[in-house]
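Engineer: What follows is target31.txt, compact mmCIF, C-alpha atoms and all ligand atoms.
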```
# COMPACT_ATOMS: atom_id res chain seq x y z
CA MET X 224 -15.94 -13.48 -13.11
CA ILE X 225 -14.93 -10.36 -11.20
CA ILE X 226 -11.16 -10.34 -11.36
CA GLY X 227 -8.31 -7.87 -11.07
CA SER X 228 -5.08 -7.26 -9.29
CA HIS X 229 -3.50 -4.88 -6.94
CA VAL X 230 -2.46 -1.77 -8.87
CA SER X 231 -0.59 1.41 -8.00
CA PHE X 232 -2.23 4.66 -7.02
CA GLY X 233 0.72 7.02 -6.98
CA SER X 234 0.65 10.55 -8.33
CA LYS X 235 -2.29 10.00 -10.67
CA GLY X 236 -4.53 8.70 -7.91
CA LEU X 237 -7.54 6.54 -8.74
CA LEU X 238 -7.33 7.46 -12.43
CA GLY X 239 -3.89 5.88 -12.67
CA SER X 240 -5.19 2.74 -10.94
CA VAL X 241 -8.12 2.40 -13.36
CA LYS X 242 -5.86 2.78 -16.38
CA GLU X 243 -3.46 0.16 -15.05
CA ALA X 244 -6.33 -2.27 -14.35
CA ILE X 245 -7.74 -1.82 -17.87
CA GLY X 246 -4.29 -2.59 -19.28
CA TYR X 247 -4.43 -5.96 -17.52
CA GLY X 248 -7.87 -6.81 -18.91
CA ALA X 249 -9.28 -6.64 -15.38
CA ASN X 250 -12.83 -5.67 -14.42
CA THR X 251 -11.95 -4.69 -10.86
CA PHE X 252 -8.81 -3.78 -8.87
CA MET X 253 -7.30 -3.10 -5.47
CA PHE X 254 -5.14 -0.11 -4.56
CA TYR X 255 -3.39 1.56 -1.64
CA THR X 256 -4.03 5.31 -1.31
CA GLY X 257 -0.25 5.81 -0.99
CA ALA X 258 2.80 3.65 -0.31
CA PRO X 259 1.63 0.53 1.58
CA GLN X 260 4.55 0.76 3.99
CA ASN X 261 3.97 4.35 5.09
CA THR X 262 1.13 6.65 6.03
CA LEU X 263 2.02 9.75 4.01
CA ARG X 264 -1.11 10.65 2.10
CA LYS X 265 -2.06 13.45 -0.27
CA PRO X 266 -5.54 14.97 -0.42
CA ILE X 267 -7.78 13.33 -3.04
CA ASP X 268 -7.88 15.17 -6.36
CA MET X 269 -11.59 15.21 -7.23
CA GLU X 270 -11.04 16.34 -10.82
CA SER X 271 -9.12 13.21 -11.81
CA THR X 272 -11.28 11.04 -9.53
CA LYS X 273 -14.33 12.03 -11.60
CA GLU X 274 -12.41 11.10 -14.72
CA ALA X 275 -11.64 7.75 -13.09
CA TRP X 276 -15.36 7.13 -12.42
CA GLN X 277 -16.20 7.81 -16.06
CA LEU X 278 -13.40 5.56 -17.28
CA MET X 279 -14.67 2.77 -15.01
CA LYS X 280 -18.18 3.14 -16.42
CA ASP X 281 -16.90 3.05 -20.00
CA ASN X 282 -14.94 -0.11 -19.26
CA HIS X 283 -17.55 -2.02 -17.22
CA ILE X 284 -15.67 -1.77 -13.95
CA ASP X 285 -18.24 -1.68 -11.16
CA ILE X 286 -16.92 0.68 -8.49
CA ASN X 287 -18.83 -1.35 -5.88
CA THR X 288 -16.33 -4.18 -6.37
CA VAL X 289 -13.19 -2.03 -6.12
CA ILE X 290 -11.07 -2.53 -3.00
CA CYS X 291 -8.76 -0.27 -1.04
CA HIS X 292 -6.03 -1.83 1.14
CA ALA X 293 -4.95 -0.14 4.36
CA PRO X 294 -1.17 0.26 4.79
CA TYR X 295 0.27 -2.72 6.60
CA ILE X 296 2.14 -0.72 9.20
CA VAL X 297 -1.20 0.18 10.79
CA ASN X 298 -1.43 -2.09 13.83
CA LEU X 299 -4.61 -2.13 15.88
CA ALA X 300 -3.50 -5.10 18.00
CA ASN X 301 -0.77 -3.52 20.08
CA ASN X 302 -1.34 -0.60 22.44
CA LEU X 303 1.94 -0.67 24.40
CA ASP X 304 2.80 2.58 22.67
CA GLU X 305 -0.40 4.50 23.16
CA LYS X 306 0.61 7.19 20.67
CA LYS X 307 1.14 4.64 17.92
CA TYR X 308 -2.14 2.90 18.73
CA ASP X 309 -4.07 6.19 18.58
CA PHE X 310 -2.26 7.09 15.39
CA SER X 311 -3.33 3.81 13.78
CA ILE X 312 -6.95 4.42 14.75
CA ASN X 313 -6.96 8.00 13.51
CA PHE X 314 -5.14 7.10 10.33
CA LEU X 315 -7.75 4.49 9.49
CA ILE X 316 -10.55 6.97 10.14
CA GLN X 317 -8.87 9.34 7.64
CA GLU X 318 -8.29 6.52 5.17
CA ILE X 319 -11.96 5.58 5.30
CA LYS X 320 -12.90 9.21 4.63
CA ARG X 321 -10.65 9.16 1.57
CA CYS X 322 -12.39 5.97 0.38
CA GLU X 323 -15.74 7.65 0.83
CA GLU X 324 -14.68 10.66 -1.21
CA MET X 325 -13.68 8.32 -4.03
CA GLY X 326 -16.86 6.24 -3.78
CA ILE X 327 -15.00 3.11 -2.64
CA LYS X 328 -17.03 0.66 -0.54
CA TYR X 329 -14.41 -1.72 0.89
CA ILE X 330 -11.13 -1.40 2.72
CA VAL X 331 -9.02 -4.47 3.50
CA LEU X 332 -7.17 -4.47 6.80
CA HIS X 333 -4.58 -6.78 8.35
CA PRO X 334 -5.97 -7.32 11.84
CA GLY X 335 -2.56 -6.67 13.44
CA SER X 336 0.37 -8.18 15.30
CA SER X 337 0.48 -8.70 19.05
CA VAL X 338 4.27 -8.03 19.42
CA GLY X 339 5.01 -8.43 23.09
CA ILE X 340 1.52 -8.63 24.54
CA GLU X 341 -0.80 -11.56 25.13
CA ARG X 342 -2.70 -12.71 22.10
CA ASN X 343 -6.17 -12.42 23.64
CA ILE X 344 -5.42 -8.89 24.81
CA ALA X 345 -4.17 -8.02 21.32
CA ILE X 346 -7.43 -9.27 19.86
CA ASP X 347 -9.46 -7.21 22.30
CA ASN X 348 -7.41 -4.15 21.27
CA ILE X 349 -8.43 -4.79 17.67
CA VAL X 350 -12.09 -5.04 18.68
CA TYR X 351 -11.89 -1.82 20.67
CA ALA X 352 -10.16 0.05 17.84
CA LEU X 353 -12.56 -1.21 15.17
CA ASN X 354 -15.58 -0.20 17.20
CA MET X 355 -14.06 3.27 17.66
CA ILE X 356 -13.40 3.58 13.93
CA LEU X 357 -16.83 2.31 12.91
CA LYS X 358 -18.55 4.74 15.31
CA GLN X 359 -17.71 7.50 12.85
CA ASP X 360 -20.45 8.24 10.41
CA ASN X 361 -19.44 6.39 7.28
CA SER X 362 -20.49 3.63 4.94
CA VAL X 363 -17.17 1.97 4.10
CA MET X 364 -16.92 -1.68 5.10
CA ILE X 365 -13.72 -2.93 6.77
CA LEU X 366 -12.65 -6.35 5.53
CA LEU X 367 -10.46 -8.31 7.94
CA GLU X 368 -7.85 -10.24 5.99
CA THR X 369 -7.09 -13.82 7.01
CA MET X 370 -3.38 -13.91 7.85
CA ALA X 371 -0.60 -16.48 7.47
CA GLY X 372 0.42 -16.36 11.13
CA LYS X 373 3.89 -15.02 10.40
CA GLY X 374 5.58 -13.70 13.54
CA THR X 375 2.93 -12.58 16.00
CA GLU X 376 0.22 -11.91 13.42
CA VAL X 377 -3.32 -12.13 14.70
CA GLY X 378 -6.26 -13.27 12.56
CA CYS X 379 -4.75 -16.47 11.19
CA THR X 380 -7.50 -18.75 12.47
CA LEU X 381 -11.21 -18.65 11.74
CA GLU X 382 -11.82 -18.62 15.50
CA GLU X 383 -9.88 -15.35 15.90
CA ILE X 384 -11.69 -13.72 12.98
CA ALA X 385 -15.02 -14.95 14.35
CA TYR X 386 -14.22 -13.56 17.81
CA ILE X 387 -13.47 -10.12 16.37
CA ILE X 388 -16.62 -10.06 14.25
CA ASN X 389 -18.79 -11.25 17.14
CA HIS X 390 -17.64 -8.26 19.18
CA ILE X 391 -18.19 -5.61 16.50
CA GLU X 392 -21.18 -3.38 17.15
CA LYS X 393 -21.87 -2.32 13.55
CA LYS X 394 -21.84 -5.74 11.90
CA GLU X 395 -23.10 -4.26 8.63
CA LEU X 396 -19.69 -2.57 8.27
CA ILE X 397 -17.46 -5.60 8.88
CA GLY X 398 -16.50 -8.34 6.43
CA VAL X 399 -13.68 -10.73 5.59
CA CYS X 400 -11.09 -10.91 2.83
CA ILE X 401 -9.77 -14.45 2.44
CA ASP X 402 -6.24 -14.77 1.04
CA THR X 403 -5.46 -18.18 -0.44
CA CYS X 404 -1.70 -17.93 0.24
CA HIS X 405 -2.29 -16.86 3.82
CA LEU X 406 -4.88 -19.59 4.36
CA ASN X 407 -2.50 -22.22 3.02
CA ASP X 408 0.32 -20.93 5.21
CA ALA X 409 -2.02 -20.82 8.20
CA GLY X 410 -2.84 -24.50 7.67
CA TYR X 411 -6.13 -24.43 5.74
CA ASP X 412 -5.88 -26.77 2.77
CA MET X 413 -7.00 -25.05 -0.45
CA ALA X 414 -7.08 -28.45 -2.16
CA ASN X 415 -10.19 -29.04 -0.10
CA PHE X 416 -11.84 -25.67 -0.51
CA ASP X 417 -15.41 -26.93 -0.08
CA LEU X 418 -14.51 -28.23 3.35
CA PHE X 419 -12.90 -24.89 4.20
CA LEU X 420 -16.00 -22.98 3.08
CA GLN X 421 -18.18 -25.25 5.20
CA GLU X 422 -16.01 -24.54 8.21
CA PHE X 423 -16.01 -20.82 7.42
CA ASP X 424 -19.77 -20.85 7.10
CA SER X 425 -20.34 -22.57 10.41
CA LYS X 426 -17.82 -20.44 12.36
CA ILE X 427 -18.33 -17.03 10.70
CA GLY X 428 -20.91 -17.13 7.89
CA ILE X 429 -20.05 -17.25 4.21
CA HIS X 430 -21.88 -13.98 3.50
CA TYR X 431 -19.08 -12.13 5.36
CA ILE X 432 -16.62 -12.93 2.55
CA LYS X 433 -16.45 -9.79 0.38
CA CYS X 434 -13.07 -10.22 -1.29
CA VAL X 435 -10.72 -13.07 -2.23
CA HIS X 436 -6.97 -12.52 -2.60
CA VAL X 437 -5.87 -15.11 -5.12
CA ASN X 438 -2.22 -15.98 -4.57
CA ASP X 439 -0.26 -19.17 -4.87
CA SER X 440 2.17 -19.91 -2.03
CA LYS X 441 5.91 -20.57 -2.05
CA ASN X 442 5.53 -22.61 1.10
CA ILE X 443 3.85 -25.76 2.31
CA LEU X 444 0.58 -26.01 4.19
CA GLY X 445 0.92 -24.56 7.69
CA ALA X 446 4.35 -22.95 7.08
CA HIS X 447 3.31 -19.58 8.64
CA LYS X 448 5.53 -17.79 6.12
CA ASP X 449 3.44 -15.56 3.79
CA ARG X 450 5.41 -15.60 0.56
CA HIS X 451 3.19 -15.27 -2.49
CA ALA X 452 3.85 -17.19 -5.72
CA ASN X 453 2.45 -16.67 -9.21
CA VAL X 454 -0.80 -18.48 -9.98
CA GLY X 455 0.01 -22.12 -10.70
CA TYR X 456 3.69 -21.69 -9.82
CA GLY X 457 3.42 -22.43 -6.11
CA LEU X 458 2.40 -25.24 -3.80
CA ILE X 459 -1.36 -24.60 -3.96
CA GLY X 460 -1.40 -25.11 -7.71
CA PHE X 461 -3.42 -23.88 -10.67
CA ASP X 462 -6.37 -26.28 -10.43
CA ASN X 463 -6.97 -25.62 -6.76
CA LEU X 464 -6.84 -21.84 -7.28
CA LEU X 465 -9.14 -22.09 -10.28
CA LYS X 466 -11.72 -23.91 -8.15
CA VAL X 467 -11.60 -21.10 -5.59
CA ILE X 468 -11.96 -18.44 -8.30
CA ASN X 469 -14.85 -20.22 -10.02
CA HIS X 470 -16.62 -21.34 -6.86
CA ASP X 471 -20.35 -20.89 -7.23
CA LYS X 472 -20.81 -19.53 -3.70
CA LEU X 473 -18.23 -16.80 -4.30
CA LYS X 474 -19.16 -15.82 -7.83
CA ASP X 475 -20.15 -12.24 -6.95
CA VAL X 476 -17.05 -11.70 -4.82
CA PRO X 477 -14.13 -9.80 -6.41
CA LYS X 478 -10.92 -11.83 -6.88
CA ILE X 479 -7.68 -9.89 -6.52
CA LEU X 480 -4.22 -11.10 -7.55
CA GLU X 481 -1.27 -10.03 -5.38
CA THR X 482 1.30 -12.26 -7.02
CA PRO X 483 4.95 -11.24 -7.45
CA TYR X 484 6.37 -9.26 -10.36
CA ILE X 485 8.62 -11.15 -12.77
CA GLY X 486 12.33 -10.45 -13.08
CA ASP X 487 14.74 -11.31 -15.82
CA SER X 488 18.25 -12.50 -15.07
CA ASP X 489 19.47 -11.18 -18.45
CA ASP X 490 18.19 -7.70 -17.79
CA ASP X 491 20.99 -5.50 -16.47
CA LYS X 492 18.46 -2.79 -15.52
CA LYS X 493 16.86 -5.33 -13.19
CA ARG X 494 13.35 -4.40 -14.30
CA LEU X 495 10.37 -6.22 -12.89
CA TYR X 496 7.25 -6.89 -14.92
CA PRO X 497 3.67 -7.24 -13.67
CA PRO X 498 2.25 -10.74 -14.24
CA TYR X 499 -1.42 -9.76 -13.98
CA LYS X 500 -2.40 -9.45 -17.65
CA PHE X 501 -1.10 -12.96 -18.25
CA GLU X 502 -2.48 -14.49 -15.07
CA ILE X 503 -5.92 -13.05 -15.78
CA GLU X 504 -5.80 -14.43 -19.34
CA MET X 505 -4.78 -17.85 -18.08
CA ILE X 506 -7.52 -17.86 -15.43
CA LYS X 507 -10.20 -16.82 -17.92
CA LYS X 508 -9.10 -19.60 -20.29
CA GLY X 509 -8.89 -22.06 -17.43
CA ILE X 510 -5.70 -23.59 -18.80
CA PHE X 511 -2.32 -23.39 -17.08
CA ASN X 512 0.35 -21.59 -19.11
CA SER X 513 3.70 -23.18 -18.26
CA ASN X 514 5.46 -20.64 -20.48
CA MET X 515 3.96 -17.61 -18.73
CA MET X 516 7.24 -16.20 -17.38
CA ASN X 517 8.74 -16.04 -20.86
CA ASP X 518 5.52 -14.62 -22.30
CA ILE X 519 5.60 -11.83 -19.73
CA ARG X 520 9.26 -10.98 -20.38
CA GLY X 521 8.67 -11.04 -24.13
CA TYR X 522 5.67 -8.74 -23.84
CA TYR X 523 7.24 -6.06 -21.65
CA LYS X 524 10.80 -6.16 -22.94
CA LYS X 525 9.87 -4.64 -26.30
FE FE V 601 -3.06 -7.86 2.63
FE FE V 602 -3.60 -10.52 0.70
ZN ZN V 603 0.52 -11.86 2.00
```
Output the file's structure in the form of structure tokens.
Structural biologist:
Amino acid sequence: MIIGSHVSFGSKGLLGSVKEAIGYGANTFMFYTGAPQNTLRKPIDMESTKEAWQLMKDNHIDINTVICHAPYIVNLANNLDEKKYDFSINFLIQEIKRCEEMGIKYIVLHPGSSVGIERNIAIDNIVYALNMILKQDNSVMILLETMAGKGTEVGCTLEEIAYIINHIEKKELIGVCIDTCHLNDAGYDMANFDLFLQEFDSKIGIHYIKCVHVNDSKNILGAHKDRHANVGYGLIGFDNLLKVINHDKLKDVPKILETPYIGDSDDDKKRLYPPYKFEIEMIKKGIFNSNMMNDIRGYYKK
């Protein structure tokens, strides 16, 4: 099982991410190269990056499974503001260079939101931008994330994802990241995952799936909301998520948790605790822990 969570990058860069992942008992992880909601980035510190590589080796984390996530304000779908559109393209080119410097193979991208333009034009903007980005000489694969369809989000149907992929020139550098919460919210029933995979395979091709975001959902099938829940604590449920994680056809694909941090109503400092160590434990055991929230608070409160 290749499993981890999203971790911070922050001031310590990749080294900080690796340490955090190890603390969760993970054997892979996903990170943003800076705050996900902005595009301020520092140059990569190669000294600590090399330390991170060594630490990964020592802890059996295969760097080829590690995922970077592009900031979600990057929007390749809308070109009404040409400056913003060009900025998004150039930012992603830079971000991919940073991944290359760190030896990271995959970057997950939200396809974009159409905001005020026709959906099919928005999708063609994405295609144009991706082809521009992939024209640069690099080896990092862009993974299109399946979206919930919140607001004017594009990429919430397999048809839209298929259309984008079909129009990419360098197909060896494009893949898909499926997100179980987003799929549920988009109307794909995770209780019938085999059927979903069949549909995915016929419309896109299962080999395009390079990452799975494992999240439960706070909302019902087709809600178009995108609110993640802790594993087993949402409307997809533990057993259904476990089947996705352990699916034979996806066994070499990294699974990444992006579930919410846990709060404590008694805590006047309003601290939030990461659930990942406990979710990973529960997933490895294959048994739902109905006392997980208390276990997490107990563990971090000390
Ligand atoms: Fe995402
Ligand atoms: Fe996701
Ligand atoms: Zn989400």
Engineer: So how far away is atom CA of Phe461 of chain X from atom CA of Lys441 of chain X, in Å?
Structural biologist: 13.1 Å
Engineer: Give me, as a tab-separated table, the closest atom pair and its distance (Å, one decimal) for every residue of chain X within a cut-off of 8 Å of ligand FE 602 (chain V), counting all atoms listed in the file, rows sorted by chain and rising number.
Structural biologist:
```
residue	atom	partner	partner_atom	distance
X:Glu368	CA	V:FE602	FE	6.8
X:Thr369	CA	V:FE602	FE	7.9
X:Met370	CA	V:FE602	FE	7.9
X:Cys400	CA	V:FE602	FE	7.8
X:Ile401	CA	V:FE602	FE	7.5
X:Asp402	CA	V:FE602	FE	5.0
X:Thr403	CA	V:FE602	FE	8.0
X:Cys404	CA	V:FE602	FE	7.7
X:His405	CA	V:FE602	FE	7.2
X:His436	CA	V:FE602	FE	5.1
X:Val437	CA	V:FE602	FE	7.8
X:Asn438	CA	V:FE602	FE	7.7
X:Glu481	CA	V:FE602	FE	6.5
```
Engineer: For each of X:Ile384, X:Ile284, X:Val338, X:Leu332, take the minimum atom-to-atom distance to ligand ZN 603 (chain V), counting all atoms listed in the file, then give the residue where this is smallest.
Structural biologist: X:Leu332
Engineer: What separation in Å, quoted to one decimal, exists between atom CA of Lys466 of chain X and atom CA of Met515 of chain X?
Structural biologist: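 Between atom CA of Lys466 of chain X and atom CA of Met515 of chain X the gap is 19.9 Å.
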Engineer: At what distance in Å, to one decimal, does atom CA of Ile468 of chain X lie from atom CA of Ile327 of chain X?
Structural biologist: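 Atom CA of Ile468 of chain X lies at a distance of 22.5 Å from atom CA of Ile327 of chain X.
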Engineer: Name the closest residue to ligand ZN 603 (chain V) among the candidates X:Phe416, X:Lys492, X:Asn463, X:Ala409; distances are taken between atoms, counting only C-alpha atoms and all ligand atoms.
Structural biologist: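 Nearest candidate to ligand ZN 603 (chain V) out of X:Phe416, X:Lys492, X:Asn463, X:Ala409: X:Ala409.
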Engineer: Taking only C-alpha atoms and all ligand atoms into account, which of X:Arg520, X:Arg264, X:Lys242, X:Lys448 comes nearest ligand ZN 603 (chain V)?
Structural biologist: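 Comparing X:Arg520, X:Arg264, X:Lys242, X:Lys448 against ligand ZN 603 (chain V), the winner is X:Lys448.
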Engineer: So, counting all atoms listed in the file, which residue among X:Ile432, X:Ile330, X:Ile286, X:Met269 is closest to Lys472 of chain X?
Structural biologist: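 Counting all atoms listed in the file, the residue closest to Lys472 of chain X is X:Ile432.
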Engineer: Using only C-alpha atoms, can you tell me which of X:Pro294, X:Gly445, X:Gly372, X:Pro334 comes closest to Gly257 of chain X?
Structural biologist: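 Residue with the minimum atom-to-atom distance to Gly257 of chain X: X:Pro294.
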Engineer: For Asn442 of chain X, please output as a PyMOL selection string all residues within 8 Å (counting all atoms listed in the file; exclusion window: fewer than 5 positions along the same chain).
Structural biologist: chain X and resi 408+448-450+457-458
Engineer: Find the residue from X:Arg494, X:Lys373, X:Lys433, X:Lys500 that sits nearest to ligand ZN 603 (chain V); use all atoms listed in the file when measuring.
Structural biologist: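 Using all atoms listed in the file, ligand ZN 603 (chain V) sits closest to X:Lys373.
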Engineer: At a cut-off of 10 Å, using all atoms listed in the file, what residues contact Ser271 of chain X? Leave out same-chain residues fewer than 6 positions from it and give the result as a list in words.
Structural biologist: Lys235, Gly236, Leu237, Leu238, Gly239 and Gln277 of chain X
Engineer: Skip Val435 of chain X itself and residues of its chain fewer than 3 positions away, then list as a PyMOL selection string all residues within 12 Å of it, counting all atoms listed in the file.
Structural biologist: chain X and resi 225-229+252-253+288-290+331+366-369+398-406+431-432+438+464+467-470+473-481
Engineer: Which residues, written as a JSON list (two decimals) with C-alpha atoms, keeping the file's coordinate frame, have at least one atom at most 10 Å from Glu324 of chain X, with all atoms listed in the file counted and residues fewer than 5 positions away on the same chain left out?
Structural biologist:
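Output file selection_13.json is given in full below:
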```json
[["chain", "number", "residue", "atom", "x", "y", "z"],
["X", 267, "ILE", "CA", -7.78, 13.33, -3.04],
["X", 268, "ASP", "CA", -7.88, 15.17, -6.36],
["X", 269, "MET", "CA", -11.59, 15.21, -7.23],
["X", 272, "THR", "CA", -11.28, 11.04, -9.53],
["X", 318, "GLU", "CA", -8.29, 6.52, 5.17],
["X", 319, "ILE", "CA", -11.96, 5.58, 5.30]]
```
Engineer: Please extract segment 225-244 of chain X and write it out with N, CA and C atoms, as a PDB file, in the first residue's frame.
Structural biologist:
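The resulting selection-v4.pdb:
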```pdb
ATOM      1  N   ILE X 225       0.662   2.120  -0.956  1.00  0.00           N
ATOM      2  CA  ILE X 225       1.411   3.381  -0.987  1.00  0.00           C
ATOM      3  C   ILE X 225       0.467   4.451  -0.469  1.00  0.00           C
ATOM      4  N   ILE X 226       0.703   4.900   0.764  1.00  0.00           N
ATOM      5  CA  ILE X 226      -0.253   5.822   1.368  1.00  0.00           C
ATOM      6  C   ILE X 226       0.435   6.928   2.154  1.00  0.00           C
ATOM      7  N   GLY X 227      -0.149   8.121   2.055  1.00  0.00           N
ATOM      8  CA  GLY X 227       0.360   9.275   2.782  1.00  0.00           C
ATOM      9  C   GLY X 227      -0.706  10.338   2.829  1.00  0.00           C
ATOM     10  N   SER X 228      -0.285  11.533   3.148  1.00  0.00           N
ATOM     11  CA  SER X 228      -1.253  12.615   3.246  1.00  0.00           C
ATOM     12  C   SER X 228      -0.636  13.863   2.669  1.00  0.00           C
ATOM     13  N   HIS X 229      -1.434  14.881   2.603  1.00  0.00           N
ATOM     14  CA  HIS X 229      -0.862  16.165   2.242  1.00  0.00           C
ATOM     15  C   HIS X 229      -0.133  16.683   3.474  1.00  0.00           C
ATOM     16  N   VAL X 230       1.049  17.226   3.271  1.00  0.00           N
ATOM     17  CA  VAL X 230       1.883  17.724   4.364  1.00  0.00           C
ATOM     18  C   VAL X 230       2.346  19.134   4.016  1.00  0.00           C
ATOM     19  N   SER X 231       2.882  19.855   5.027  1.00  0.00           N
ATOM     20  CA  SER X 231       3.311  21.223   4.720  1.00  0.00           C
ATOM     21  C   SER X 231       4.724  21.223   4.153  1.00  0.00           C
ATOM     22  N   PHE X 232       5.079  22.291   3.542  1.00  0.00           N
ATOM     23  CA  PHE X 232       6.377  22.474   2.908  1.00  0.00           C
ATOM     24  C   PHE X 232       7.087  23.567   3.706  1.00  0.00           C
ATOM     25  N   GLY X 233       6.498  24.729   3.693  1.00  0.00           N
ATOM     26  CA  GLY X 233       6.930  25.813   4.577  1.00  0.00           C
ATOM     27  C   GLY X 233       8.388  26.185   4.477  1.00  0.00           C
ATOM     28  N   SER X 234       8.961  26.606   5.597  1.00  0.00           N
ATOM     29  CA  SER X 234      10.319  27.161   5.574  1.00  0.00           C
ATOM     30  C   SER X 234      11.373  26.073   5.389  1.00  0.00           C
ATOM     31  N   LYS X 235      11.059  24.846   5.829  1.00  0.00           N
ATOM     32  CA  LYS X 235      12.046  23.787   5.736  1.00  0.00           C
ATOM     33  C   LYS X 235      12.031  23.065   4.385  1.00  0.00           C
ATOM     34  N   GLY X 236      11.094  23.466   3.521  1.00  0.00           N
ATOM     35  CA  GLY X 236      11.037  22.863   2.200  1.00  0.00           C
ATOM     36  C   GLY X 236      10.736  21.380   2.253  1.00  0.00           C
ATOM     37  N   LEU X 237      11.237  20.651   1.268  1.00  0.00           N
ATOM     38  CA  LEU X 237      10.948  19.224   1.132  1.00  0.00           C
ATOM     39  C   LEU X 237      11.347  18.434   2.380  1.00  0.00           C
ATOM     40  N   LEU X 238      12.436  18.847   3.017  1.00  0.00           N
ATOM     41  CA  LEU X 238      12.905  18.136   4.213  1.00  0.00           C
ATOM     42  C   LEU X 238      11.835  18.150   5.309  1.00  0.00           C
ATOM     43  N   GLY X 239      11.189  19.293   5.482  1.00  0.00           N
ATOM     44  CA  GLY X 239      10.113  19.398   6.464  1.00  0.00           C
ATOM     45  C   GLY X 239       8.955  18.476   6.102  1.00  0.00           C
ATOM     46  N   SER X 240       8.635  18.401   4.815  1.00  0.00           N
ATOM     47  CA  SER X 240       7.542  17.538   4.352  1.00  0.00           C
ATOM     48  C   SER X 240       7.845  16.070   4.653  1.00  0.00           C
ATOM     49  N   VAL X 241       9.079  15.652   4.362  1.00  0.00           N
ATOM     50  CA  VAL X 241       9.458  14.248   4.573  1.00  0.00           C
ATOM     51  C   VAL X 241       9.342  13.902   6.053  1.00  0.00           C
ATOM     52  N   LYS X 242       9.850  14.784   6.895  1.00  0.00           N
ATOM     53  CA  LYS X 242       9.798  14.531   8.339  1.00  0.00           C
ATOM     54  C   LYS X 242       8.360  14.405   8.817  1.00  0.00           C
ATOM     55  N   GLU X 243       7.503  15.290   8.332  1.00  0.00           N
ATOM     56  CA  GLU X 243       6.090  15.246   8.730  1.00  0.00           C
ATOM     57  C   GLU X 243       5.464  13.926   8.285  1.00  0.00           C
ATOM     58  N   ALA X 244       5.747  13.517   7.040  1.00  0.00           N
ATOM     59  CA  ALA X 244       5.183  12.267   6.507  1.00  0.00           C
ATOM     60  C   ALA X 244       5.626  11.061   7.340  1.00  0.00           C
TER      61      ALA X 244
END
```
